[in-house]
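Okay, structure first, notes after.
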Amino acid sequence: MTNSSHRQRLGFFTRLLDQASAGERYRLAAEQIGHAERHGFDSAWVAQHHFHEAEGGLPSPLVFLSHVAARTSKIRLGTGIITLPLENPIRVAEDAVVLDLLSGGRLEVGVGTGGTPSSFTAFGLDSTNRSEIYDRNLAIVRDAWDGRPLEGGDSIYPAAPGLNDRVWQATFSVGGGIRAGKAGDGLMLSRTQPRPKDAPRASLPDIQHPIIDAYLEALPEGREPRIVASRSLFVADSREEALRLAEKGLRRVVADFAAKGHVIPGDTLVDIIAALDTHVGTPQDVIESLSRDTTLPRVTDLVFQVHSIDPPHEYILRSIELIASEVAPALGWQNPAGKPEKRVALVR
């Protein structure tokens with residue numbers, strides 16, 4: 001799967017969008033992560049969203065991952081992402097240290113500028129200053145982990161300098177790739193992103209290859225690259241079943257995606273699947289579509305999510321199984337768990 005000599009890692013990502021109450025969303029997501037661990041996934045990632053339940057159901061990812069850490073033993077636990085401009089950086093640093101210790105050193109810290117303008121307003125901030133706030137907060141987090149004196153002279157306890165080697169920066173842009181590379185951080189690439197108005201049919205690799213190039217060019221000599229590529233993937237036992245659930249989920253979000261800048265040429269399901277960079281179908285269907293994504297051989301971590309299809313919970317569990325047993329191995333991933341567990345029974 002990768003040109004690197006290192007084994008590529010496989011991840012599961014969730015925005016906690018199950019059609020259920022908040023508490024039930026948390027329970028189902030924890031179960032999905034546990035299922036991914038049992039099937040050999042290397043990492044699990046959760047998103048942070050304040051206020052908007054339709055975009056994501058989790059304002060406190062480090063709290064949630066502490067719960068998941070107690071239910072798991074091997075899978076690495078990542079934030080994808082913490083919206084750092086909206087957080088108190090010292091509390092982020094402290095909470096991350098506690099979670100990392102409780103989990104046995106399994107935390108990966110993805111950060112980004114994120115957040116809608118109204119979210120910034122609620123926190124008493126101006127979204128136009130997000131990049132400046134992000135840079136300042138990230139510098140404070142780094143200093144805190146290193147045990148350096150903070151403003152006023154105090155330093156956090158305990159320090160955890162090793163966490164500075166597990167920072168990932170999310171970006172849509174070449175400039176963001178350069179920033180992550182110069183810092184020696186990991187690079188997080190999105191599952192989809194808006195197309196330029198002058199190239200509405202550009203492929204996702206067309207957009208993301210320049211970001212990777214810029215990141216690698218900026219990376220300090222001797223620093224190993226770390227690149228996450230998140231992809232929307234839903235695998236089912238039959239193509240008809242997969243497409244039925246995909247149409248239901250994707251059409252629900254088309255208007256929202258278009259409002260955020262996506263250019264969606266055409267309105268058939270095939271058009272929408274292509275425009276939203278979604279891989280859906282049987283294992284063979286998605287193996288074929290993923291094999292055309294020329295970004296993937298360049299990444300160190302391939303992370304799959306079911307959004308924006310958002311099928312019912314039992315179908316997510318089955319998709320996890322099919323990814324681990326058929327899709328990822330066909331792309332070169334080696335399952336450290338060995339033989340897959342028995343499949344879940346779907347109730348129709």
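Every chain in the structure tokens has a letter given in the order shown (A, B, ...), and although residue numbers restart at 1 in each chain, ligands are simply numbered from 1 in the order shown.
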
Could you write out, as an NGL selection string, all the residues of stretch 253-283 of chain A that DSSP marks as alpha helix (DSSP H)?
:A and (253-259 or 269-275 or 283)

Find the residues around A:Arg251 up to 12 Å (only C-alpha atoms counted), leave out those fewer than 6 positions away in its own chain, and share them as a VMD selection string.
chain A and resid 243 to 245 257 to 258 264 267 to 273 275 to 276 308 to 310

Atomic distance atom CA of A:Gly332 - atom CA of A:Leu317, expressed in Å with one decimal:
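Separation of atom CA of A:Gly332 and atom CA of A:Leu317: 21.6 Å.
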
Give me the residues within 9 Å of A:Gln284 as a VMD selection string, counting only C-alpha atoms and dropping any in the same chain fewer than 4 places off.
chain A and resid 288 to 289 326 to 327

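The smallest atom-to-atom distance between A:Pro297 and any of A:Phe123, A:Met188, A:Thr83, A:Val228, using only C-alpha atoms, is found for A:Val228.
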
Near A:Trp168, counting only C-alpha atoms, which residues have an atom at most 7 Å away, once you skip same-chain residues fewer than 2 positions from it, shown as a PyMOL selection string?
chain A and resi 109-111+166+170+185-188

Long-range neighbours of stretch 209-225 of chain A as a ChimeraX atom specification, 8 Å cut-off, only C-alpha atoms, 6 positions minimum in chain
/A:172-184,186-187,295,300

Enumerate as a PyMOL selection string all residues of stretch 130-207 of chain A assigned to strand (DSSP E) by DSSP on the backbone, naming them with the chain letters and numbers the document uses.
chain A and resi 167-170+186-189

Excluding A:Ile320 and residues on its chain fewer than 4 positions from it, collect all residues at most 12 Å away from it, counting only C-alpha atoms, and give them as number ranges by chain.
A: 10-14, 31-41, 44, 233-237, 283, 303-306, 313-316, 324-328, 340-341, 343-344

Hey, can you spit out that residue selection with N, CA, C and O atoms as a short mmCIF file (atom, residue, chain, number, x, y, z; two decimals), in the first residue's frame?
```cif
data_model
loop_
_atom_site.label_atom_id
_atom_site.label_comp_id
_atom_site.auth_asym_id
_atom_site.auth_seq_id
_atom_site.Cartn_x
_atom_site.Cartn_y
_atom_site.Cartn_z
N LEU A 10 -3.72 0.82 9.44
CA LEU A 10 -5.13 0.90 9.08
C LEU A 10 -5.92 1.51 10.23
O LEU A 10 -5.79 1.08 11.38
N GLY A 11 -6.75 2.49 9.92
CA GLY A 11 -7.51 3.17 10.96
C GLY A 11 -9.00 3.22 10.69
O GLY A 11 -9.46 3.12 9.55
N PHE A 12 -9.75 3.38 11.78
CA PHE A 12 -11.21 3.57 11.73
C PHE A 12 -11.51 4.95 12.29
O PHE A 12 -10.97 5.34 13.33
N PHE A 13 -12.35 5.71 11.61
CA PHE A 13 -12.68 7.08 12.02
C PHE A 13 -14.18 7.21 12.20
O PHE A 13 -14.96 6.68 11.40
N THR A 14 -14.59 7.93 13.23
CA THR A 14 -16.01 8.21 13.39
C THR A 14 -16.25 9.64 13.83
O THR A 14 -15.49 10.18 14.65
N GLU A 31 -18.41 0.84 20.90
CA GLU A 31 -18.52 -0.54 20.44
C GLU A 31 -17.87 -0.72 19.08
O GLU A 31 -17.19 -1.73 18.82
N GLN A 32 -18.04 0.25 18.19
CA GLN A 32 -17.42 0.16 16.87
C GLN A 32 -15.90 0.17 16.96
O GLN A 32 -15.22 -0.59 16.26
N ILE A 33 -15.35 1.00 17.85
CA ILE A 33 -13.90 1.04 18.02
C ILE A 33 -13.38 -0.27 18.59
O ILE A 33 -12.36 -0.80 18.15
N GLY A 34 -14.10 -0.82 19.57
CA GLY A 34 -13.72 -2.12 20.11
C GLY A 34 -13.75 -3.20 19.05
O GLY A 34 -12.88 -4.08 19.00
N HIS A 35 -14.76 -3.15 18.17
CA HIS A 35 -14.87 -4.11 17.08
C HIS A 35 -13.69 -3.96 16.12
O HIS A 35 -13.12 -4.97 15.66
N ALA A 36 -13.30 -2.71 15.84
CA ALA A 36 -12.15 -2.48 14.97
C ALA A 36 -10.88 -3.04 15.59
O ALA A 36 -10.05 -3.64 14.89
N GLU A 37 -10.71 -2.85 16.89
CA GLU A 37 -9.52 -3.40 17.55
C GLU A 37 -9.48 -4.92 17.42
O GLU A 37 -8.43 -5.51 17.12
N ARG A 38 -10.61 -5.58 17.66
CA ARG A 38 -10.65 -7.04 17.58
C ARG A 38 -10.34 -7.56 16.18
O ARG A 38 -9.93 -8.71 16.01
N HIS A 39 -10.56 -6.71 15.18
CA HIS A 39 -10.30 -7.13 13.80
C HIS A 39 -8.97 -6.58 13.28
O HIS A 39 -8.72 -6.61 12.08
N GLY A 40 -8.13 -6.11 14.19
CA GLY A 40 -6.76 -5.79 13.81
C GLY A 40 -6.47 -4.37 13.40
O GLY A 40 -5.33 -4.05 13.04
N PHE A 41 -7.48 -3.48 13.42
CA PHE A 41 -7.22 -2.09 13.06
C PHE A 41 -6.15 -1.52 13.99
O PHE A 41 -6.12 -1.79 15.20
N ALA A 44 -7.90 4.24 15.93
CA ALA A 44 -9.27 4.75 15.88
C ALA A 44 -9.22 6.25 16.13
O ALA A 44 -8.50 6.71 17.02
N LEU A 233 -15.66 5.17 3.10
CA LEU A 233 -15.74 3.81 2.60
C LEU A 233 -16.85 3.06 3.31
O LEU A 233 -16.91 3.04 4.55
N PHE A 234 -17.74 2.47 2.53
CA PHE A 234 -18.77 1.62 3.10
C PHE A 234 -18.82 0.34 2.29
O PHE A 234 -19.05 0.35 1.08
N VAL A 235 -18.59 -0.78 2.96
CA VAL A 235 -18.56 -2.09 2.31
C VAL A 235 -19.72 -2.94 2.83
O VAL A 235 -19.96 -2.99 4.04
N ALA A 236 -20.41 -3.59 1.93
CA ALA A 236 -21.52 -4.47 2.31
C ALA A 236 -21.39 -5.78 1.54
O ALA A 236 -20.57 -5.92 0.63
N ASP A 237 -22.21 -6.73 1.92
CA ASP A 237 -22.15 -8.04 1.28
C ASP A 237 -22.73 -8.04 -0.13
O ASP A 237 -22.40 -8.91 -0.94
N PRO A 283 -16.76 -5.80 -1.39
CA PRO A 283 -15.31 -5.69 -1.24
C PRO A 283 -14.59 -5.49 -2.57
O PRO A 283 -13.70 -4.65 -2.67
N VAL A 303 -7.09 5.64 6.75
CA VAL A 303 -8.14 5.68 7.76
C VAL A 303 -9.50 5.75 7.05
O VAL A 303 -9.72 6.64 6.22
N PHE A 304 -10.39 4.82 7.39
CA PHE A 304 -11.69 4.75 6.74
C PHE A 304 -12.81 5.21 7.67
O PHE A 304 -12.80 4.93 8.87
N GLN A 305 -13.79 5.90 7.08
CA GLN A 305 -14.99 6.30 7.80
C GLN A 305 -16.21 6.04 6.93
O GLN A 305 -16.11 6.01 5.70
N VAL A 306 -17.36 5.85 7.56
CA VAL A 306 -18.58 5.58 6.80
C VAL A 306 -19.36 6.86 6.48
O VAL A 306 -20.40 6.80 5.83
N HIS A 313 -25.89 0.96 12.71
CA HIS A 313 -24.76 0.45 13.49
C HIS A 313 -24.30 -0.94 13.05
O HIS A 313 -23.10 -1.19 12.86
N GLU A 314 -25.24 -1.87 12.87
CA GLU A 314 -24.84 -3.23 12.55
C GLU A 314 -24.15 -3.31 11.18
O GLU A 314 -23.28 -4.15 10.95
N TYR A 315 -24.51 -2.38 10.27
CA TYR A 315 -23.85 -2.35 8.97
C TYR A 315 -22.44 -1.76 9.07
O TYR A 315 -21.54 -2.11 8.30
N ILE A 316 -22.24 -0.85 10.01
CA ILE A 316 -20.90 -0.32 10.26
C ILE A 316 -20.00 -1.44 10.77
O ILE A 316 -18.85 -1.59 10.33
N ALA A 324 -11.29 -5.30 7.12
CA ALA A 324 -10.15 -6.01 7.72
C ALA A 324 -9.87 -7.34 7.04
O ALA A 324 -8.71 -7.74 6.90
N SER A 325 -10.92 -8.03 6.61
CA SER A 325 -10.72 -9.39 6.08
C SER A 325 -10.46 -9.41 4.58
O SER A 325 -9.79 -10.33 4.08
N GLU A 326 -10.98 -8.41 3.83
CA GLU A 326 -10.87 -8.48 2.38
C GLU A 326 -10.27 -7.23 1.74
O GLU A 326 -9.35 -7.33 0.93
N VAL A 327 -10.77 -6.06 2.09
CA VAL A 327 -10.35 -4.85 1.38
C VAL A 327 -8.91 -4.47 1.69
O VAL A 327 -8.07 -4.37 0.79
N ALA A 328 -8.60 -4.25 2.95
CA ALA A 328 -7.25 -3.79 3.30
C ALA A 328 -6.17 -4.80 2.93
O ALA A 328 -5.11 -4.41 2.42
N PRO A 340 -9.45 -13.25 11.03
CA PRO A 340 -10.57 -12.41 11.47
C PRO A 340 -11.54 -13.16 12.36
O PRO A 340 -11.67 -14.39 12.28
N GLU A 341 -12.22 -12.40 13.22
CA GLU A 341 -13.23 -13.00 14.06
C GLU A 341 -14.48 -13.34 13.26
O GLU A 341 -14.67 -12.91 12.12
N ARG A 343 -18.12 -13.17 11.81
CA ARG A 343 -18.87 -11.99 11.38
C ARG A 343 -20.07 -11.74 12.28
O ARG A 343 -20.60 -12.65 12.92
N VAL A 344 -20.51 -10.46 12.27
CA VAL A 344 -21.72 -10.11 12.99
C VAL A 344 -22.93 -10.54 12.16
O VAL A 344 -22.87 -10.62 10.95
#
```

Record the distance separating atom CA of A:Leu331 and atom CA of A:Arg298, expressed in Å with one decimal.
12.7 Å

Which residue gives the smallest distance to A:Ala337 among A:Ile75, A:Ala22, A:Ala255, A:Val98, with only C-alpha atoms counted?
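Ranking A:Ile75, A:Ala22, A:Ala255, A:Val98 by distance to A:Ala337, first place goes to A:Ile75.
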
Which residue of A:Arg231, A:Lys74, A:Arg292, A:His279 approaches A:Pro336 most closely, using only C-alpha atoms
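Among the listed residues, the smallest separation from A:Pro336 belongs to A:Lys74.
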
Write out as a Markdown table the residues of stretch 20-114 of chain A that have any atom within 7 Å of an atom of stretch 142-161 of chain A, one row each with the nearest atom pair and its distance in Å to one decimal, counting only C-alpha atoms, sorted by chain and then rising number.
```
| residue | atom | partner | partner_atom | distance |
| --- | --- | --- | --- | --- |
| A:Ile90 | CA | A:Ala144 | CA | 6.9 |
| A:Ala93 | CA | A:Ala144 | CA | 6.5 |
| A:Glu94 | CA | A:Ile156 | CA | 6.9 |
| A:Val97 | CA | A:Ala160 | CA | 6.4 |
```

Rounded to one decimal, what separation in Å do you get between atom CA of A:Ala54 and atom CA of A:Ala122?
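According to the coordinates, atom CA of A:Ala54 and atom CA of A:Ala122 are separated by 17.8 Å.
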
A:Thr79, A:Ser203, A:Thr116, A:Ser21 ranked by distance to A:Val92, top pick (using only C-alpha atoms)
A:Thr79

Using only C-alpha atoms, pick whichever of A:Lys248, A:Arg91, A:Arg106, A:His49 has the shortest atom-to-atom distance to A:Ser73.
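With only C-alpha atoms as the atom set, the closest residue is A:Arg106.
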